$ cat protein.txt   # compact mmCIF, C-alpha atoms
# COMPACT_ATOMS: atom_id res chain seq x y z
CA MET A 1 79.21 128.59 97.94
CA SER A 2 78.24 129.21 94.37
CA VAL A 3 76.09 126.75 92.43
CA ASP A 4 76.63 126.31 88.70
CA PRO A 5 73.15 125.76 87.20
CA ALA A 6 74.67 124.54 83.90
CA ALA A 7 76.60 121.72 85.60
CA PRO A 8 74.98 118.30 85.49
CA PRO A 9 73.85 117.16 88.92
CA THR A 10 76.10 114.48 90.39
CA SER A 11 74.11 113.95 93.57
CA ASP A 12 71.14 115.34 95.44
CA GLY A 13 73.38 117.94 97.08
CA PRO A 14 74.65 121.28 95.80
CA VAL A 15 77.18 121.58 93.00
CA PHE A 16 80.22 123.66 93.94
CA ASP A 17 82.28 125.65 91.45
CA GLY A 18 85.73 127.22 91.46
CA ASP A 19 88.58 125.86 93.52
CA VAL A 20 86.22 124.30 96.06
CA GLY A 21 84.48 122.35 93.29
CA LEU A 22 87.82 121.19 91.88
CA LEU A 23 88.99 120.11 95.32
CA ILE A 24 85.77 118.20 95.98
CA ASP A 25 86.06 116.48 92.59
CA LEU A 26 89.67 115.56 93.37
CA LEU A 27 88.66 114.15 96.76
CA LYS A 28 85.91 112.10 95.09
CA LEU A 29 88.38 110.77 92.52
CA GLY A 30 90.81 109.84 95.28
CA THR A 31 88.07 108.02 97.14
CA PHE A 32 86.39 106.23 94.27
CA ILE A 33 89.42 105.24 92.16
CA GLY A 34 90.10 102.51 94.70
CA THR A 35 87.25 100.31 93.50
CA PRO A 36 88.31 99.95 89.84
CA MET A 37 91.96 99.59 90.88
CA ARG A 38 91.08 96.89 93.41
CA GLU A 39 88.67 95.01 91.17
CA GLY A 40 90.59 95.50 87.92
CA VAL A 41 94.19 95.24 89.09
CA ALA A 42 94.76 94.14 92.73
CA ASP A 43 92.21 91.32 93.08
CA PRO A 44 93.12 89.53 89.83
CA MET A 45 96.78 89.57 90.94
CA GLY A 46 96.05 88.30 94.44
CA LEU A 47 97.05 91.58 96.08
CA THR A 48 95.35 93.75 98.64
CA ALA A 49 94.86 97.40 97.74
CA THR A 50 97.74 98.34 100.08
CA ASP A 51 99.98 95.65 98.55
CA LEU A 52 99.26 97.04 95.09
CA ARG A 53 100.03 100.59 96.14
CA ILE A 54 103.36 99.47 97.61
CA VAL A 55 104.29 97.52 94.47
CA LEU A 56 103.37 100.53 92.32
CA ALA A 57 105.31 102.95 94.54
CA LEU A 58 108.44 100.78 94.62
CA GLY A 59 108.17 100.03 90.91
CA GLY A 60 107.82 103.69 90.07
CA GLU A 61 110.11 105.28 92.66
CA GLY A 62 112.59 102.54 93.49
CA GLU A 63 113.84 101.76 96.97
CA LEU A 64 111.81 103.39 99.77
CA ALA A 65 111.58 103.07 103.54
CA GLY A 66 108.32 102.17 105.24
CA HIS A 67 107.79 105.69 106.58
CA ASP A 68 108.24 107.06 103.03
CA LEU A 69 105.61 104.63 101.76
CA SER A 70 103.30 105.59 104.61
CA GLU A 71 103.57 109.28 103.69
CA ILE A 72 103.22 108.72 99.94
CA MET A 73 100.21 106.45 100.34
CA GLY A 74 98.53 108.18 103.28
CA VAL A 75 98.35 104.83 105.07
CA PRO A 76 99.23 104.28 108.75
CA PRO A 77 102.79 102.96 109.28
CA MET A 78 101.52 99.76 110.91
CA ASN A 79 99.48 98.90 107.79
CA VAL A 80 102.52 99.51 105.60
CA SER A 81 104.70 97.35 107.88
CA ARG A 82 102.22 94.48 107.71
CA ALA A 83 101.93 94.76 103.94
CA ILE A 84 105.73 94.84 103.54
CA ALA A 85 106.02 91.72 105.72
CA ALA A 86 103.38 89.93 103.63
CA LEU A 87 105.01 90.99 100.35
CA SER A 88 108.39 89.88 101.71
CA GLU A 89 106.97 86.45 102.62
CA ARG A 90 105.73 86.15 99.05
CA GLY A 91 109.20 86.99 97.74
CA LEU A 92 108.09 90.28 96.16
CA VAL A 93 110.10 92.76 98.27
CA GLU A 94 113.48 92.56 99.99
CA PRO A 95 115.67 94.83 102.08
CA GLY A 96 117.11 97.70 100.09
CA ALA A 97 120.74 98.11 99.17
CA ASN A 98 121.23 101.26 101.28
CA ARG A 99 121.64 99.88 104.80
CA THR A 100 123.97 102.54 106.19
CA ASN A 101 121.30 104.09 108.43
CA ARG A 102 120.16 101.32 110.78
CA ARG A 103 116.92 103.13 111.70
CA ARG A 104 115.88 103.65 108.08
CA LYS A 105 115.06 100.29 106.53
CA PRO A 106 114.37 100.71 102.83
CA VAL A 107 112.82 97.96 100.76
CA ARG A 108 112.84 97.30 97.05
CA LEU A 109 111.15 94.96 94.64
CA THR A 110 112.75 91.58 94.06
CA PRO A 111 112.96 90.27 90.49
CA ALA A 112 109.61 88.56 91.13
CA GLY A 113 108.22 91.87 92.41
CA GLU A 114 109.51 93.67 89.33
CA ALA A 115 107.81 91.06 87.14
CA LEU A 116 104.56 91.60 89.06
CA PHE A 117 104.94 95.37 88.67
CA ALA A 118 105.30 94.85 84.90
CA GLN A 119 102.14 92.70 84.93
CA THR A 120 100.16 95.55 86.50
CA MET A 121 100.64 97.72 83.42
CA PRO A 122 98.25 95.84 81.07
CA ALA A 123 95.65 95.64 83.85
CA MET A 124 95.97 99.37 84.52
CA GLU A 125 95.75 100.02 80.78
CA ARG A 126 92.38 98.21 80.73
CA VAL A 127 91.10 100.15 83.76
CA GLY A 128 92.32 103.44 82.26
CA ALA A 129 90.77 102.69 78.88
CA ASP A 130 87.44 102.06 80.55
CA LEU A 131 87.56 105.10 82.85
CA PHE A 132 88.74 107.52 80.15
CA LYS A 133 86.55 106.17 77.37
CA GLY A 134 85.02 109.09 75.50
CA VAL A 135 87.34 111.67 77.07
CA PRO A 136 89.12 113.54 74.25
CA GLN A 137 92.92 113.27 74.18
CA ARG A 138 93.32 117.03 74.68
CA ASP A 139 91.32 116.77 77.92
CA ARG A 140 93.40 113.79 79.07
CA ASP A 141 96.57 115.76 78.36
CA ALA A 142 95.22 118.80 80.21
CA PHE A 143 94.23 116.62 83.17
CA ARG A 144 97.76 115.18 83.37
CA ARG A 145 99.29 118.68 83.30
CA VAL A 146 96.98 119.87 86.06
CA ALA A 147 97.56 116.72 88.12
CA ALA A 148 101.34 117.16 87.79
CA SER A 149 101.09 120.77 88.93
CA VAL A 150 98.90 119.87 91.92
CA LEU A 151 101.22 116.99 92.87
CA VAL A 152 104.17 119.39 92.99
CA ARG A 153 102.21 121.74 95.27
CA ILE A 154 101.09 118.86 97.49
CA GLY A 155 104.72 117.82 97.84
CA ARG A 156 105.51 121.26 99.21
CA TRP A 157 102.48 121.38 101.53
CA GLY A 158 103.34 122.29 105.08
CA GLY A 159 106.94 123.04 104.13

$ encode --input "protein.txt" --output "structure tokens"
Amino acid sequence: MSVDPAAPPTSDGPVFDGDVGLLIDLLKLGTFIGTPMREGVADPMGLTATDLRIVLALGGEGELAGHDLSEIMGVPPMNVSRAIAALSERGLVEPGANRTNRRRKPVRLTPAGEALFAQTMPAMERVGADLFKGVPQRDRDAFRRVAASVLVRIGRWGG
């Protein structure tokens, strides 16, 4: 462990640098981003955090099976199944078009679900504007490039 004395303290504990520091920061972001997304996007739309993540995944990726959603979201399959059932009851998701494999049951957004997905964008814009306020555009662009690179590597993890 190496401590960077020039880094501003973020807690009472040590400050890590290098790849360990980046990984810890990424883990913190993954943990703490849930609160602004829940309070700024999910709650106002009457969604749970899991519901929101499913709507965002289906809106961004298209038709997916429950086990795909579970892997993408890092949420237990039972939680995904319950959320899909609740979203289906609300008329936001429906069975997918690809029903050739009877064990794989993809779902997709209904027109109402697509409309809800579209409504998340302004709310996410407000959350993003608040979270990234004061961060220069070049740093935002660099962050997106790094995130994209890490996401590719995560997708290959364990393969």

$ closest_residue --input "protein.txt" --among "A:Val146, A:Val15, A:Leu116, A:Leu27" --to "Leu58 (chain A)" --atoms "only C-alpha atoms"
A:Leu116

$ residues_around --input "protein.txt" --residues "region 151-156 of chain A" --least-positions-apart "5" --cutoff "12 Å" --atoms "only C-alpha atoms" --output "list in words"
Leu26, Glu71, Ile72, Phe143, Arg144, Arg145 and Val146 of chain A

$ residues_around --input "protein.txt" --residues "Glu94 (chain A)" --least-positions-apart "2" --cutoff "10 Å" --atoms "only C-alpha atoms" --output "ChimeraX atom specification"
/A:63,84-85,87-89,91-92,96-97,106-111,113

$ closest_residue --input "protein.txt" --among "A:Val127, A:Ala57, A:Gly134, A:Met73" --to "Arg38 (chain A)" --atoms "only C-alpha atoms"
A:Val127

$ closest_residue --input "protein.txt" --among "A:Val55, A:Arg82, A:Gly60, A:Ser70" --to "Ala42 (chain A)" --atoms "all atoms listed in the file"
A:Val55

$ closest_residue --input "protein.txt" --among "A:Gly13, A:Lys105, A:Pro36, A:Leu22" --to "Leu69 (chain A)" --atoms "all atoms listed in the file"
A:Lys105

$ closest_residue --input "protein.txt" --among "A:Pro14, A:Gly66, A:Pro95, A:Gly46" --to "Ser81 (chain A)" --atoms "only C-alpha atoms"
A:Gly66

$ atom_distance --input "protein.txt" --atom1 "CA of Leu29 (chain A)" --atom2 "CA of Ala86 (chain A)"
28.0 Å

$ atom_distance --input "protein.txt" --atom1 "CA of Ala148 (chain A)" --atom2 "CA of Pro77 (chain A)"
25.8 Å

$ atom_distance --input "protein.txt" --atom1 "CA of Leu131 (chain A)" --atom2 "CA of Ile33 (chain A)"
9.5 Å

$ residues_around --input "protein.txt" --residues "Thr120 (chain A)" --least-positions-apart "3" --cutoff "10 Å" --atoms "all atoms listed in the file" --output "PyMOL selection string"
chain A and resi 40-42+44-45+52+55-56+114-117+123-125

$ write_last_selection --input "protein.txt" --atoms "C-alpha atoms" --output "JSON list (two decimals), keeping the file's coordinate frame"
[["chain", "number", "residue", "atom", "x", "y", "z"],
["A", 40, "GLY", "CA", 90.59, 95.50, 87.92],
["A", 41, "VAL", "CA", 94.19, 95.24, 89.09],
["A", 42, "ALA", "CA", 94.76, 94.14, 92.73],
["A", 44, "PRO", "CA", 93.12, 89.53, 89.83],
["A", 45, "MET", "CA", 96.78, 89.57, 90.94],
["A", 52, "LEU", "CA", 99.26, 97.04, 95.09],
["A", 55, "VAL", "CA", 104.29, 97.52, 94.47],
["A", 56, "LEU", "CA", 103.37, 100.53, 92.32],
["A", 114, "GLU", "CA", 109.51, 93.67, 89.33],
["A", 115, "ALA", "CA", 107.81, 91.06, 87.14],
["A", 116, "LEU", "CA", 104.56, 91.60, 89.06],
["A", 117, "PHE", "CA", 104.94, 95.37, 88.67],
["A", 123, "ALA", "CA", 95.65, 95.64, 83.85],
["A", 124, "MET", "CA", 95.97, 99.37, 84.52],
["A", 125, "GLU", "CA", 95.75, 100.02, 80.78]]
